[in-house]
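Visitor: Here you go, this is query_21.txt (compact mmCIF, C-alpha atoms).
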```
# COMPACT_ATOMS: atom_id res chain seq x y z
CA MET O 207 15.55 7.36 19.67
CA THR O 208 13.34 8.44 16.81
CA ASN O 209 13.31 6.47 13.59
CA ASN O 210 11.43 9.17 11.61
CA PHE O 211 8.88 6.77 10.16
CA LEU O 212 6.75 8.29 7.41
CA PHE O 213 3.91 6.60 5.50
CA GLU O 214 2.28 8.96 3.09
CA PRO O 215 -0.34 7.81 0.56
CA ASP O 216 -1.15 10.27 -2.22
CA LEU O 217 -4.17 9.07 -4.17
CA ASP O 218 -3.89 11.83 -6.79
CA ALA O 219 -0.32 10.87 -7.62
CA LYS O 220 -1.15 7.14 -7.03
CA THR O 221 1.88 6.82 -4.80
CA ILE O 222 2.79 5.76 -1.30
CA HIS O 223 5.92 7.32 0.10
CA ILE O 224 7.53 5.40 2.97
CA VAL O 225 10.59 6.66 4.87
CA ARG O 226 12.37 5.10 7.82
CA GLU O 227 15.75 5.47 9.52
CA PHE O 228 17.74 2.53 10.81
CA ASN O 229 20.44 2.40 13.42
CA ALA O 230 23.03 0.65 11.24
CA PRO O 231 25.55 1.64 8.58
CA ILE O 232 24.39 1.81 4.97
CA GLU O 233 26.28 -1.34 3.86
CA LYS O 234 24.38 -3.48 6.37
CA VAL O 235 21.02 -1.96 5.55
CA TRP O 236 21.67 -2.45 1.84
CA ARG O 237 22.43 -6.14 2.42
CA ALA O 238 19.24 -6.57 4.48
CA TRP O 239 17.20 -5.22 1.53
CA THR O 240 18.98 -7.02 -1.29
CA GLU O 241 20.06 -10.49 -0.05
CA ALA O 242 17.21 -13.00 -0.09
CA ASP O 243 18.11 -14.84 3.13
CA LEU O 244 18.18 -11.50 4.97
CA ILE O 245 15.02 -10.03 3.39
CA GLU O 246 13.17 -13.19 4.41
CA LYS O 247 13.96 -12.45 8.05
CA TRP O 248 11.97 -9.21 8.15
CA ILE O 249 9.57 -8.90 5.21
CA ALA O 250 6.89 -11.30 6.50
CA PRO O 251 4.83 -10.28 9.54
CA LYS O 252 5.03 -13.19 12.00
CA PRO O 253 3.70 -15.87 12.05
CA TRP O 254 3.80 -15.58 8.25
CA ILE O 255 7.15 -16.49 6.75
CA ALA O 256 8.78 -15.54 3.47
CA GLN O 257 10.28 -18.21 1.18
CA THR O 258 12.44 -17.40 -1.80
CA LYS O 259 12.33 -19.53 -4.94
CA ILE O 260 14.49 -17.36 -7.20
CA MET O 261 16.71 -14.41 -6.37
CA ASN O 262 18.77 -12.82 -9.07
CA PHE O 263 19.65 -9.32 -7.94
CA THR O 264 20.74 -7.89 -11.27
CA VAL O 265 19.02 -5.53 -13.68
CA GLY O 266 16.44 -7.67 -15.50
CA GLY O 267 16.69 -10.35 -12.81
CA ILE O 268 13.83 -11.32 -10.50
CA TRP O 269 13.04 -12.14 -6.91
CA LEU O 270 10.29 -14.75 -6.80
CA TYR O 271 9.05 -15.42 -3.30
CA ALA O 272 6.03 -16.56 -1.33
CA MET O 273 4.45 -15.27 1.84
CA VAL O 274 3.47 -18.45 3.66
CA SER O 275 0.74 -18.49 6.31
CA PRO O 276 0.93 -20.78 9.37
CA GLU O 277 -1.60 -23.03 7.56
CA GLY O 278 0.73 -23.27 4.57
CA GLU O 279 -1.25 -20.94 2.31
CA LYS O 280 1.16 -19.31 -0.14
CA HIS O 281 0.92 -15.91 -1.78
CA TRP O 282 3.48 -15.52 -4.53
CA SER O 283 5.02 -12.25 -5.68
CA ARG O 284 7.52 -11.42 -8.36
CA PHE O 285 9.85 -8.45 -8.27
CA GLU O 286 11.69 -7.58 -11.45
CA PHE O 287 14.73 -5.36 -10.93
CA THR O 288 14.80 -2.47 -13.38
CA ALA O 289 17.73 -0.44 -12.03
CA ILE O 290 20.45 -0.99 -9.44
CA GLU O 291 23.04 1.45 -8.12
CA HIS O 292 25.18 -0.46 -5.68
CA VAL O 293 24.67 0.62 -2.02
CA SER O 294 22.61 3.58 -3.21
CA SER O 295 19.29 2.68 -4.84
CA PHE O 296 17.33 0.04 -6.71
CA SER O 297 14.05 -0.03 -8.58
CA SER O 298 11.66 -2.88 -9.21
CA THR O 299 8.34 -3.74 -10.78
CA ASN O 300 6.25 -5.71 -8.29
CA MET O 301 3.42 -8.05 -9.22
CA PHE O 302 1.47 -10.89 -7.68
CA SER O 303 2.20 -14.11 -9.52
CA ASP O 304 1.91 -17.88 -9.38
CA GLU O 305 4.67 -20.15 -8.09
CA ASP O 306 6.39 -20.14 -11.48
CA GLY O 307 6.45 -16.36 -11.58
CA ASN O 308 3.68 -16.15 -14.17
CA THR O 309 1.55 -13.06 -13.86
CA ALA O 310 -2.00 -12.67 -15.12
CA ASP O 311 -2.84 -10.03 -17.73
CA GLY O 312 -3.90 -6.89 -15.97
CA ALA O 313 -2.64 -8.20 -12.62
CA PRO O 314 -2.00 -5.49 -10.05
CA LYS O 315 1.37 -3.90 -10.56
CA SER O 316 3.46 -1.36 -8.72
CA GLN O 317 6.80 0.27 -9.34
CA THR O 318 9.06 0.69 -6.36
CA GLU O 319 12.11 2.89 -6.04
CA THR O 320 14.19 2.37 -2.90
CA LYS O 321 16.94 4.84 -1.98
CA PHE O 322 19.55 4.56 0.78
CA THR O 323 21.26 7.53 2.40
CA SER O 324 23.96 7.36 5.04
CA ILE O 325 23.45 9.56 8.09
CA GLU O 326 26.63 10.41 9.99
CA GLY O 327 28.18 7.12 8.94
CA ASN O 328 26.36 4.90 11.42
CA ARG O 329 22.70 5.42 10.59
CA THR O 330 20.81 4.95 7.34
CA LYS O 331 17.70 6.53 5.87
CA VAL O 332 15.65 4.38 3.51
CA ASP O 333 13.25 6.12 1.20
CA VAL O 334 10.67 3.97 -0.63
CA LEU O 335 8.41 5.38 -3.31
CA LYS O 336 5.72 3.02 -4.58
CA THR O 337 3.80 4.04 -7.67
CA PHE O 338 0.62 2.18 -8.58
CA THR O 339 -1.13 1.94 -11.93
CA ASP O 340 -4.42 3.09 -10.43
CA ALA O 341 -6.20 3.60 -7.12
CA ALA O 342 -7.75 0.13 -7.31
CA THR O 343 -4.26 -1.36 -7.39
CA ILE O 344 -3.36 0.37 -4.15
CA LYS O 345 -6.39 -1.33 -2.67
CA MET O 346 -5.21 -4.74 -3.82
CA PHE O 347 -1.76 -4.30 -2.31
CA ALA O 348 -3.27 -2.89 0.86
CA GLU O 349 -5.73 -5.80 1.11
CA ARG O 350 -2.95 -8.27 0.75
CA GLY O 351 -1.04 -6.49 3.49
CA PHE O 352 -4.18 -6.49 5.58
CA LYS O 353 -4.59 -10.22 5.23
CA GLU O 354 -1.00 -10.90 6.22
CA GLY O 355 -1.06 -8.23 8.88
CA THR O 356 -4.18 -9.30 10.81
CA ILE O 357 -3.17 -12.82 11.71
CA MET O 358 -0.01 -11.79 13.54
CA GLY O 359 -2.07 -9.77 16.01
CA TYR O 360 -1.73 -10.88 19.55
CA ASN O 361 0.99 -13.52 19.55
CA GLN O 362 3.41 -11.01 18.10
CA LEU O 363 2.45 -8.57 20.80
CA ASP O 364 2.93 -11.27 23.43
CA GLU O 365 6.36 -12.01 22.07
CA LEU O 366 7.26 -8.37 22.08
CA LEU O 367 6.12 -7.91 25.66
CA ALA O 368 7.99 -11.06 26.74
CA SER O 369 11.21 -9.77 25.24
CA GLU O 370 10.73 -6.40 26.95
CA ASN O 371 10.71 -8.21 30.30
CA ASN O 372 14.00 -9.94 29.68
CA MET J 269 -23.68 -4.17 -18.25
CA ASP J 270 -23.09 -5.27 -14.72
CA ILE J 271 -19.97 -3.71 -13.23
CA ARG J 272 -19.00 -4.42 -9.68
CA ARG J 273 -18.42 -1.09 -7.97
CA ASP J 274 -16.37 -0.47 -4.89
CA ILE J 275 -15.15 2.52 -2.98
CA TYR J 276 -11.87 2.54 -4.88
CA GLN J 277 -13.64 3.23 -8.16
CA ALA J 278 -15.24 6.19 -6.43
CA ILE J 279 -11.86 7.75 -5.74
CA ALA J 280 -10.17 6.61 -8.95
CA ASP J 281 -11.29 9.70 -10.86
CA PRO J 282 -10.21 13.29 -10.07
CA THR J 283 -13.68 14.77 -10.69
CA ARG J 284 -15.25 12.25 -8.35
CA ARG J 285 -12.65 13.00 -5.69
CA ALA J 286 -13.47 16.70 -6.09
CA ILE J 287 -17.19 15.96 -5.71
CA LEU J 288 -16.49 14.01 -2.51
CA VAL J 289 -14.45 16.91 -1.14
CA LEU J 290 -17.32 19.29 -2.01
CA LEU J 291 -19.81 17.06 -0.19
CA THR J 292 -17.79 17.22 3.01
CA LEU J 293 -19.28 20.73 3.27
CA GLY J 294 -22.79 19.30 3.34
CA ALA J 295 -25.49 17.60 1.25
CA MET J 296 -26.08 19.10 -2.21
CA THR J 297 -28.38 18.72 -5.17
CA PRO J 298 -26.86 17.54 -8.47
CA ASN J 299 -27.36 21.06 -9.88
CA ALA J 300 -25.55 22.66 -6.97
CA ILE J 301 -22.67 20.21 -7.45
CA ALA J 302 -22.54 20.78 -11.21
CA VAL J 303 -22.01 24.56 -10.93
CA HIS J 304 -18.62 23.84 -9.35
CA PHE J 305 -17.36 21.98 -12.39
CA GLY J 306 -16.48 22.97 -15.92
CA SER J 307 -17.91 19.74 -17.32
CA SER J 308 -21.52 19.32 -18.45
CA ARG J 309 -24.30 18.55 -15.99
CA GLN J 310 -24.70 15.26 -17.75
CA ALA J 311 -21.07 14.36 -17.08
CA VAL J 312 -21.39 15.39 -13.43
CA SER J 313 -24.61 13.34 -13.13
CA LYS J 314 -22.75 10.32 -14.43
CA HIS J 315 -20.06 10.78 -11.79
CA ILE J 316 -22.69 11.16 -9.06
CA GLN J 317 -24.35 7.98 -10.28
CA ILE J 318 -21.05 6.08 -10.04
CA LEU J 319 -20.44 7.52 -6.57
CA ALA J 320 -23.89 6.28 -5.54
CA GLU J 321 -23.24 2.83 -7.01
CA CYS J 322 -19.97 2.66 -5.10
CA GLY J 323 -21.82 3.54 -1.91
CA ALA J 324 -19.71 6.67 -1.45
CA VAL J 325 -22.78 8.93 -1.49
CA GLU J 326 -26.39 8.47 -0.48
CA GLN J 327 -29.60 10.09 -1.69
CA ASP J 328 -31.59 12.23 0.62
CA GLN J 329 -35.05 13.15 -0.71
CA ARG J 330 -36.12 16.55 0.55
CA GLY J 331 -39.51 17.57 -0.83
CA ARG J 332 -39.19 17.53 -4.59
CA GLU J 333 -35.42 17.70 -4.58
CA ILE J 334 -32.83 14.99 -4.24
CA PHE J 335 -29.76 15.86 -2.23
CA TYR J 336 -26.59 13.79 -2.16
CA LYS J 337 -24.57 13.34 0.99
CA LEU J 338 -21.37 11.53 1.88
CA ASN J 339 -21.57 8.02 3.25
CA ILE J 340 -18.96 8.49 5.94
CA ASN J 341 -18.79 4.82 6.94
CA LYS J 342 -18.06 3.75 3.39
CA MET J 343 -15.34 6.36 3.06
CA LYS J 344 -13.73 5.03 6.22
CA GLU J 345 -13.04 1.73 4.44
CA ILE J 346 -10.21 3.45 2.58
CA ASP J 347 -8.59 4.58 5.80
CA HIS J 348 -9.05 1.11 7.20
CA TRP J 349 -7.12 -0.69 4.44
CA MET J 350 -4.51 2.01 4.27
CA GLU J 351 -4.00 1.85 8.02
CA ALA J 352 -3.49 -1.92 7.79
CA PHE J 353 -0.91 -1.41 5.05
CA ARG J 354 0.86 1.19 7.13
CA LYS J 355 0.85 -1.20 10.09
CA LEU J 356 2.37 -3.95 7.95
CA TRP J 357 5.29 -1.69 7.07
CA GLU J 358 5.76 -0.66 10.70
CA ILE J 359 5.99 -4.32 11.68
CA ARG J 360 8.42 -5.09 8.89
CA PHE J 361 10.67 -2.23 9.92
CA ASP J 362 10.64 -3.27 13.57
CA GLN J 363 11.68 -6.76 12.45
CA LEU J 364 14.38 -5.20 10.30
CA ASP J 365 15.67 -3.25 13.32
CA ASN J 366 16.09 -6.57 15.14
CA LEU J 367 17.84 -8.16 12.19
CA LEU J 368 20.26 -5.23 11.85
CA ASN J 369 21.12 -5.53 15.52
CA ASP J 370 22.19 -9.14 14.98
CA LEU J 371 23.92 -8.62 11.64
```
Give the structure from this file in structure tokens form.
Guide:
Amino acid sequence: MTNNFLFEPDLDAKTIHIVREFNAPIEKVWRAWTEADLIEKWIAPKPWIAQTKIMNFTVGGIWLYAMVSPEGEKHWSRFEFTAIEHVSSFSSTNMFSDEDGNTADGAPKSQTETKFTSIEGNRTKVDVLKTFTDAATIKMFAERGFKEGTIMGYNQLDELLASENN
Amino acid sequence: MDIRRDIYQAIADPTRRAILVLLTLGAMTPNAIAVHFGSSRQAVSKHIQILAECGAVEQDQRGREIFYKLNINKMKEIDHWMEAFRKLWEIRFDQLDNLLNDL
């Protein structure tokens, strides 16, 4: 079964367009993207974990959370919700922050628009458009992803292979 | 003024990106590069200087002329970070598939 994954950086437009289909109805997928306890279960690449400090999913509200490494190192981020259309789309401004949600002047910032489309009632397409203030900002977000992405490496692969055998 | 340059400053400007694309065709002198752009030679020289400081291009002295060529390894850094970012999202989505199965 194809999930039609697309990851398309456009440095001229300073955007990254990410598309993916999921084998679940739109209401479930929406919950998994908008309820903190559910987001935490997939947003951090193992063995990193995500921990929420504040989640207020309303326009003007924030999600303040940390990516926590196995050594306990915490990277805080703050999402501010700028638009919400229930079970259809939401937009946020994403920034790195400290544990109180404070952001430094000129800190890297991106805008994210996430859209949900039902496919034949039992599948869902999610369409994410990230817009960065400049090319250097893309680098910062990518570096952060790199840092969190490298550590998982082999033990995640082991786990995956183990579960394939069951 | 001491400004730390990296490969992302090289690609942050549309003229510099155009110069990099031009250099994929082969090494060129600053004059040969400048004829492709509407801006002054001075402006193009400034861009080439930044590209050199970022490590995106290298000088190649041929007789009395200086040619500029792409530093392919440096340019690969961009792909490298971007690939890691892509991988991160792939992993997230696989984890989300699992979560949705259990939900």
Visitor: Can you work out which residues from chain J touch chain O at a cut-off of 9 Å (counting all atoms listed in the file) and hand them back as an mmCIF file with C-alpha atoms, in the frame of the given file?
Guide:
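result_14.cif was written with the following content:
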```cif
data_model
loop_
_atom_site.group_PDB
_atom_site.id
_atom_site.type_symbol
_atom_site.label_atom_id
_atom_site.label_comp_id
_atom_site.auth_asym_id
_atom_site.auth_seq_id
_atom_site.Cartn_x
_atom_site.Cartn_y
_atom_site.Cartn_z
ATOM 1 C CA ASP J 274 -16.370 -0.470 -4.890
ATOM 2 C CA ILE J 275 -15.150 2.520 -2.980
ATOM 3 C CA TYR J 276 -11.870 2.540 -4.880
ATOM 4 C CA GLN J 277 -13.640 3.230 -8.160
ATOM 5 C CA ILE J 279 -11.860 7.750 -5.740
ATOM 6 C CA ALA J 280 -10.170 6.610 -8.950
ATOM 7 C CA ASP J 281 -11.290 9.700 -10.860
ATOM 8 C CA PRO J 282 -10.210 13.290 -10.070
ATOM 9 C CA ARG J 285 -12.650 13.000 -5.690
ATOM 10 C CA ILE J 346 -10.210 3.450 2.580
ATOM 11 C CA TRP J 349 -7.120 -0.690 4.440
ATOM 12 C CA MET J 350 -4.510 2.010 4.270
ATOM 13 C CA GLU J 351 -4.000 1.850 8.020
ATOM 14 C CA ALA J 352 -3.490 -1.920 7.790
ATOM 15 C CA PHE J 353 -0.910 -1.410 5.050
ATOM 16 C CA ARG J 354 0.860 1.190 7.130
ATOM 17 C CA LYS J 355 0.850 -1.200 10.090
ATOM 18 C CA LEU J 356 2.370 -3.950 7.950
ATOM 19 C CA TRP J 357 5.290 -1.690 7.070
ATOM 20 C CA GLU J 358 5.760 -0.660 10.700
ATOM 21 C CA ILE J 359 5.990 -4.320 11.680
ATOM 22 C CA ARG J 360 8.420 -5.090 8.890
ATOM 23 C CA PHE J 361 10.670 -2.230 9.920
ATOM 24 C CA ASP J 362 10.640 -3.270 13.570
ATOM 25 C CA GLN J 363 11.680 -6.760 12.450
ATOM 26 C CA LEU J 364 14.380 -5.200 10.300
ATOM 27 C CA ASP J 365 15.670 -3.250 13.320
ATOM 28 C CA ASN J 366 16.090 -6.570 15.140
ATOM 29 C CA LEU J 367 17.840 -8.160 12.190
ATOM 30 C CA LEU J 368 20.260 -5.230 11.850
ATOM 31 C CA ASN J 369 21.120 -5.530 15.520
ATOM 32 C CA LEU J 371 23.920 -8.620 11.640
#
```
Visitor: Which residue out of O:Thr221, O:Thr258, O:Ser283, O:Ser298 has the minimum interatomic distance to Pro314 in chain O when all atoms listed in the file are used?
Guide: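 Looking at the shortest contact to Pro314 in chain O, the residue is O:Ser283.
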Visitor: Could you state the separation of CA of Ala302 in chain J and CA of Asp328 in chain J in Å, given to one decimal place?
Guide: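 We find that CA of Ala302 in chain J and CA of Asp328 in chain J lie 17.2 Å from each other.
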Visitor: Could you jot down the CA of Pro253 in chain O to CA of Val274 in chain O separation for me, Å, one decimal place?
Guide: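 Spanning CA of Pro253 in chain O to CA of Val274 in chain O is a straight-line distance of 8.8 Å.
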Visitor: Write out as a list in words which residues come within 10 Å of Glu319 in chain O when counting only C-alpha atoms, dropping same-chain ones fewer than 5 positions away.
Guide: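 Counting only C-alpha atoms, the residues come to His223, Phe287, Thr288, Ala289, Ile290, Ser295, Phe296, Ser297, Ser298, Thr299, Asp333, Val334, Leu335, Lys336 and Thr337 of chain O.
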Visitor: Between CA of Thr318 in chain O and CA of Asp370 in chain J, what is the distance in Å, rounded to a tenth?
Guide: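 Calculated distance between CA of Thr318 in chain O and CA of Asp370 in chain J is 26.9 Å.
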Visitor: Counting all atoms listed in the file, figure out which residue out of O:Gln257, O:Thr264, O:Ser275, O:Gln317 gets nearest to Glu305 in chain O.
Guide: O:Gln257
Visitor: Show me, as AutoDock Vina command-line options, the centre and edge lengths in Å to one decimal of the axis-aligned box that covers every listed atom of range 318-332 of chain J with 5 Å on each side.
Guide:
```
--center_x -29.6 --center_y 10.1 --center_z -4.7 --size_x 29.8 --size_y 24.9 --size_z 20.7
```
Visitor: Using all atoms listed in the file, which residue out of J:Asn339, J:Thr283, J:Thr292, J:Asn299 lies closest to Ala320 in chain J?
Guide: J:Asn339
Visitor: Using only C-alpha atoms, which residue out of O:Ile232, O:Gly266, O:Glu286, O:Asn308 lies closest to Arg329 in chain O?
Guide: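 Using only C-alpha atoms, the shortest distance to Arg329 in chain O belongs to O:Ile232.
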Visitor: Report as a PyMOL selection string all protein, DNA and RNA residues lying within 9 Å of Arg284 in chain J, evaluated on all atoms listed in the file, omitting residues in the same chain fewer than 3 positions from it.
Guide: chain J and resi 278-281+287-289+312+315-316+318-319
Visitor: Need to verify the contact set: Leu270 in chain O, 8 Å, only C-alpha atoms, exclusion of same-chain residues closer than 6 positions in sequence. Can you return it as a list in words?
Guide: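 What passes the distance filter is Thr258, Lys259, Ile260, Met261, Trp282, Ser283, Arg284, Phe285, Glu305 and Gly307 of chain O.
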Visitor: Extract, using all atoms listed in the file, all DNA, RNA and protein residues at most 10 Å from Ile301 in chain J, discarding same-chain residues fewer than 6 positions from it, and format them as a PyMOL selection string.
Guide: chain J and resi 286-287+290-291+295+309+312-313+316+335-336
